[in-house]
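Undergrad: Starting off with a structure, shown below.
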Amino acid sequence: MIDALAWDPEMESPATIAILGAGPLGIETALYARFLGYHVSIFETRRVAHRMLDWNLRPLEEPASNVTTSLGLAALQAQDPTYRPPDPSRVFNGKQYAEEYLLPLAKTDLLFDDIHFLSPVIDISRFRVGTQPLAGRFDEYPWQERCNDEFRILVDGRHRGTWVSRADCIIDCRGDGTHRLGLGPAGGLAIGELDACKAFLEHLPDDRKFDPKTYDAQAILIVGATQDACRTLRECLAYARHERLVWVLPPAQSDEAEFLADARLELSQQTSPSFVMIESLGVESISPQENGGWQVRLLKEDDSSVELQVDRIASRTDPLETLLGPTLLAYNPQASSFLESGLQQYARANPSQEKYLRSAREVLTPEPGYFRLRAERRWDVAFERLRSIFAILGGRSDLDLYEIMRKQQSTAPDEA
Ligand SMILES: Cc1cc2nc3c(=O)[nH]c(=O)nc-3n(C[C@H](O)[C@H](O)[C@H](O)COP(=O)(O)OP(=O)(O)OC[C@H]3O[C@@H](n4cnc5c(N)ncnc54)[C@H](O)[C@@H]3O)c2cc1C
């Protein structure tokens, strides 16, 4: 692995790892790091596991055995010897998973002092190395010097104001997306959307913060060709207290076309006269009305338009990742190609490492020491990616703390 990169990625503990986001993955990453002896600082915009809490009473898609880990259960048992792990086949809902597993983990001695909540990271840079690699001369760039330089993390703390933290390594667990694509054609912004979005209806039926006063007896417009949109519409239809529910359905991404065709068929069979589905390229404009509602113009495929009036608008378009740290190379396309060519060379020379390399490729970025960890709704994939980050940092492709912990637990004398 080390040979594949232009820098040496190994990092001995105790070094400091900054973790962005205290969702399930941020918490798990922090645990893994602490078990290996690293210092951690976890930064969270809001509160620990708030997205899981928002998932509320909806069941998780996988049982407890897949969403808890040997490290998490060991940490909870060490903190409270009376703790009993959940039945492996139990299916938590979002609220239970947060309240019975993630929040107790965040409160363990291992993590409690290292979590900065209400503390969004607003910028990341290096301390000393500000130069960027020149196009076509990536081989000559001082990658190792950049790797040895600390990260400078600018935090906008609710309580502490704006302050700077330092770290040797960053693991970005900010989740699948903090913003959404615009409501306009091809994900662009509609005219008036920037002003209107402040009044968008964020919480719909089944959400933890849903307020019936914002929904009941109102004409609601939901825009999006996503799984999130389909789930939300089903929940709204089951709740059924709107005056009118309009689904604006933009063209789907090709990888979503199949599920959407099924969902569309299912939803179009709804007999409710108050439910309307309109296929459209997107929302062309949104204008406020004197009565507090919105005039919305939709653009059709043949360039014609449809006008409608609604009380509330909800966006359920695709999530969009906010790029953080414009001076970092993490999202630099040329640096990404340079990294990829190194990895391909390594893959050819080491075919036996294919599986490890697949996960490593998902987490490495061309910024030395900056890893990106996403779950993409598959916990096994997420935990394997997490393992591969620490295998890279530890310089051992077979380093697997989960396996070590499992072995320890199976050989420990039975206390009962
Ligand atoms: C609308 C919605 C839909 C969901 N859909 C599903 C689903 O389909 N299936 C499912 O299993 N679960 C779903 N969930 C539950 C859950 O959100 C995810 O499964 C899970 O939380 C993903 O874990 P994560 O750690 O990758 O990301 P998240 O839980 O999203 O955690 C990322 C954290 O990073 C924080 N963050 C972002 N930017 C910064 C920053 N700059 N600085 C500091 N912190 C930052 C965020 O505040 C957030 O707490 C959904 C939740 C919601 C609210």
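For the structure tokens, the naming scheme is as follows: chains receive sequential letters (A, B, ...) according to their order of presentation, residues are indexed from 1 within each chain, and ligands are indexed from 1 in presentation order.
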Report as a tab-separated table the residues of chain A within 6 Å of ligand 1, each with its shortest atom pair and distance in Å (one decimal), using only C-alpha atoms and all ligand atoms, ordered by chain and increasing residue number.
TA:
```
residue	atom	partner	partner_atom_place_in_ligand_line	distance
A:Leu20	CA	ligand 1	43 (C)	4.9
A:Gly21	CA	ligand 1	34 (O)	3.2
A:Ala22	CA	ligand 1	33 (C)	5.1
A:Gly23	CA	ligand 1	31 (O)	3.4
A:Pro24	CA	ligand 1	25 (O)	4.0
A:Leu25	CA	ligand 1	25 (O)	3.8
A:Gly26	CA	ligand 1	25 (O)	5.5
A:Phe43	CA	ligand 1	43 (C)	4.7
A:Glu44	CA	ligand 1	44 (N)	3.6
A:Thr45	CA	ligand 1	44 (N)	4.1
A:Arg46	CA	ligand 1	47 (O)	5.2
A:Ala49	CA	ligand 1	49 (O)	5.6
A:His50	CA	ligand 1	49 (O)	5.6
A:Arg51	CA	ligand 1	17 (O)	4.3
A:Met52	CA	ligand 1	16 (C)	4.6
A:Asp54	CA	ligand 1	53 (C)	4.9
A:Trp55	CA	ligand 1	51 (C)	4.6
A:Leu60	CA	ligand 1	11 (O)	4.9
A:Glu61	CA	ligand 1	11 (O)	5.3
A:Pro120	CA	ligand 1	42 (N)	3.6
A:Val121	CA	ligand 1	42 (N)	3.9
A:Ile122	CA	ligand 1	41 (N)	5.7
A:Cys173	CA	ligand 1	32 (C)	5.7
A:Arg174	CA	ligand 1	34 (O)	3.6
A:Gly175	CA	ligand 1	27 (O)	3.5
A:Arg374	CA	ligand 1	26 (O)	5.3
A:Ala375	CA	ligand 1	26 (O)	5.0
A:Arg377	CA	ligand 1	11 (O)	5.4
```
Undergrad: Where does DSSP see strand (DSSP E) in segment 261-300 of chain A, if you list the residues as a list of chain:residue names?
TA: A:Phe275, A:Val276, A:Met277, A:Ile278, A:Glu279, A:Gly282, A:Val283, A:Glu284, A:Ser285, A:Ile286, A:Ser287, A:Pro288, A:Trp294, A:Gln295, A:Val296, A:Arg297, A:Leu298, A:Leu299
Undergrad: List as number ranges by chain the protein and nucleic acid residues near segment 248-254 of chain A, meaning an atom at most 8 Å away when only C-alpha atoms are counted, but skip any in the same chain fewer than 5 places from it.
TA: A: 185, 221-226, 260, 277-282
Undergrad: If you run DSSP on the backbone here, which positions in segment 83-225 of chain A get alpha helix (DSSP H)? Please write them as a ChimeraX atom specification.
TA: /A:94-97,103-106,143-148,193-196
Undergrad: Using 9 Å as the limit and counting only C-alpha atoms, can you tabulate each residue of segment 233-335 of chain A that touches segment 202-215 of chain A, with its shortest atom-to-atom distance in Å and the two atoms involved, as a tab-separated table?
TA:
```
residue	atom	partner	partner_atom	distance
A:Glu235	CA	A:Pro205	CA	6.2
A:Cys236	CA	A:Pro205	CA	5.9
A:Ala238	CA	A:Pro205	CA	8.9
A:Tyr239	CA	A:Pro205	CA	6.7
A:Arg241	CA	A:Tyr215	CA	7.5
A:His242	CA	A:Tyr215	CA	6.2
A:Glu243	CA	A:Tyr215	CA	8.8
A:Asp311	CA	A:Tyr215	CA	8.9
A:Arg312	CA	A:Tyr215	CA	7.8
A:Ile313	CA	A:Glu202	CA	8.8
A:Ala314	CA	A:Glu202	CA	6.4
A:Ser315	CA	A:Glu202	CA	7.8
```
Undergrad: Could you write those residues out with C-alpha atoms, as an mmCIF file, in the first residue's frame?
TA:
```cif
data_model
loop_
_atom_site.group_PDB
_atom_site.id
_atom_site.type_symbol
_atom_site.label_atom_id
_atom_site.label_comp_id
_atom_site.auth_asym_id
_atom_site.auth_seq_id
_atom_site.Cartn_x
_atom_site.Cartn_y
_atom_site.Cartn_z
ATOM 1 C CA GLU A 235 -45.665 8.650 4.604
ATOM 2 C CA CYS A 236 -47.612 11.773 3.590
ATOM 3 C CA ALA A 238 -50.634 7.467 4.928
ATOM 4 C CA TYR A 239 -50.977 10.536 7.143
ATOM 5 C CA ARG A 241 -54.252 15.342 6.407
ATOM 6 C CA HIS A 242 -53.080 17.602 3.563
ATOM 7 C CA GLU A 243 -55.543 19.434 1.405
ATOM 8 C CA ASP A 311 -48.921 26.602 0.555
ATOM 9 C CA ARG A 312 -45.740 24.679 1.281
ATOM 10 C CA ILE A 313 -42.760 23.344 -0.670
ATOM 11 C CA ALA A 314 -40.500 20.454 0.355
ATOM 12 C CA SER A 315 -37.309 19.535 -1.472
#
```
Undergrad: Excluding Phe112 of chain A and its own-chain neighbours fewer than 5 positions away, which residues fall within 10 Å of it when counting only C-alpha atoms? Please give them as a list in words.
TA: Ile42, Leu103, Pro104, Leu105, Ala106 and Lys107 of chain A
Undergrad: Which distance in Å separates atom CA of Ser89 of chain A and atom CA of Val48 of chain A, to one decimal?
TA: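 Distance between the two atoms: 24.9 Å.
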Undergrad: Contacts of Glu28 of chain A at 9 Å or less, counting only C-alpha atoms, minus same-chain residues fewer than 6 places along, as an NGL selection string?
TA: :A and (22 or 69 or 71-72 or 102 or 105 or 383 or 386)
Undergrad: Take the residues just selected and output them with C-alpha atoms as a short mmCIF file (atom, residue, chain, number, x, y, z; two decimals), in the first residue's frame.
TA:
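Contents of the output file part_15.cif:
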```cif
data_model
loop_
_atom_site.label_atom_id
_atom_site.label_comp_id
_atom_site.auth_asym_id
_atom_site.auth_seq_id
_atom_site.Cartn_x
_atom_site.Cartn_y
_atom_site.Cartn_z
CA ALA A 22 -20.60 12.57 15.05
CA THR A 69 -19.63 -3.72 16.41
CA LEU A 71 -15.63 -2.46 19.63
CA GLY A 72 -18.83 -0.61 20.44
CA LEU A 102 -24.68 5.77 19.82
CA LEU A 105 -20.98 5.34 23.33
CA PHE A 383 -16.95 -0.86 8.49
CA LEU A 386 -13.11 2.18 8.17
#
```
Undergrad: One number please: atom CA of Thr317 of chain A to atom CA of Ala257 of chain A, in Å, one decimal.
TA: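 Taking atom CA of Thr317 of chain A and atom CA of Ala257 of chain A, their separation equals 14.3 Å.
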Undergrad: Extract, using only C-alpha atoms, all DNA, RNA and protein residues at most 12 Å from Pro333 of chain A, discarding same-chain residues fewer than 2 positions from it, and format them as number ranges by chain.
TA: A: 133, 135, 328-331, 335-340, 365-367
Undergrad: For the residues in the current selection, export C-alpha atoms as a JSON list (two decimals), in the first residue's frame.
TA:
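Final output, out.json:
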```json
[["chain", "number", "residue", "atom", "x", "y", "z"],
["A", 133, "PRO", "CA", 1.11, 20.84, -7.43],
["A", 135, "ALA", "CA", -0.30, 20.45, -13.76],
["A", 328, "LEU", "CA", -6.85, 20.99, 0.12],
["A", 329, "LEU", "CA", -6.24, 18.54, -2.72],
["A", 330, "ALA", "CA", -8.99, 16.18, -1.55],
["A", 331, "TYR", "CA", -11.30, 17.05, -4.45],
["A", 335, "ALA", "CA", -4.48, 15.16, -8.13],
["A", 336, "SER", "CA", -7.18, 12.44, -8.01],
["A", 337, "SER", "CA", -6.02, 11.10, -11.39],
["A", 338, "PHE", "CA", -2.42, 11.12, -10.13],
["A", 339, "LEU", "CA", -3.48, 9.11, -7.06],
["A", 340, "GLU", "CA", -5.51, 6.72, -9.18],
["A", 365, "THR", "CA", -8.05, 11.20, -1.26],
["A", 366, "PRO", "CA", -5.12, 12.92, -2.95],
["A", 367, "GLU", "CA", -4.70, 15.08, 0.14]]
```
Undergrad: Here is a test: counting only C-alpha atoms, which residue of A:Ser341, A:Ser70, A:Gln409, A:Ser359 is nearest to Leu5 of chain A?
TA: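 Counting only C-alpha atoms, the residue closest to Leu5 of chain A is A:Ser341.
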Undergrad: With distances taken over only C-alpha atoms, which of A:Ala196, A:Val67, A:Ile124, A:Leu267 is nearest to Val164 of chain A?
TA: A:Ile124
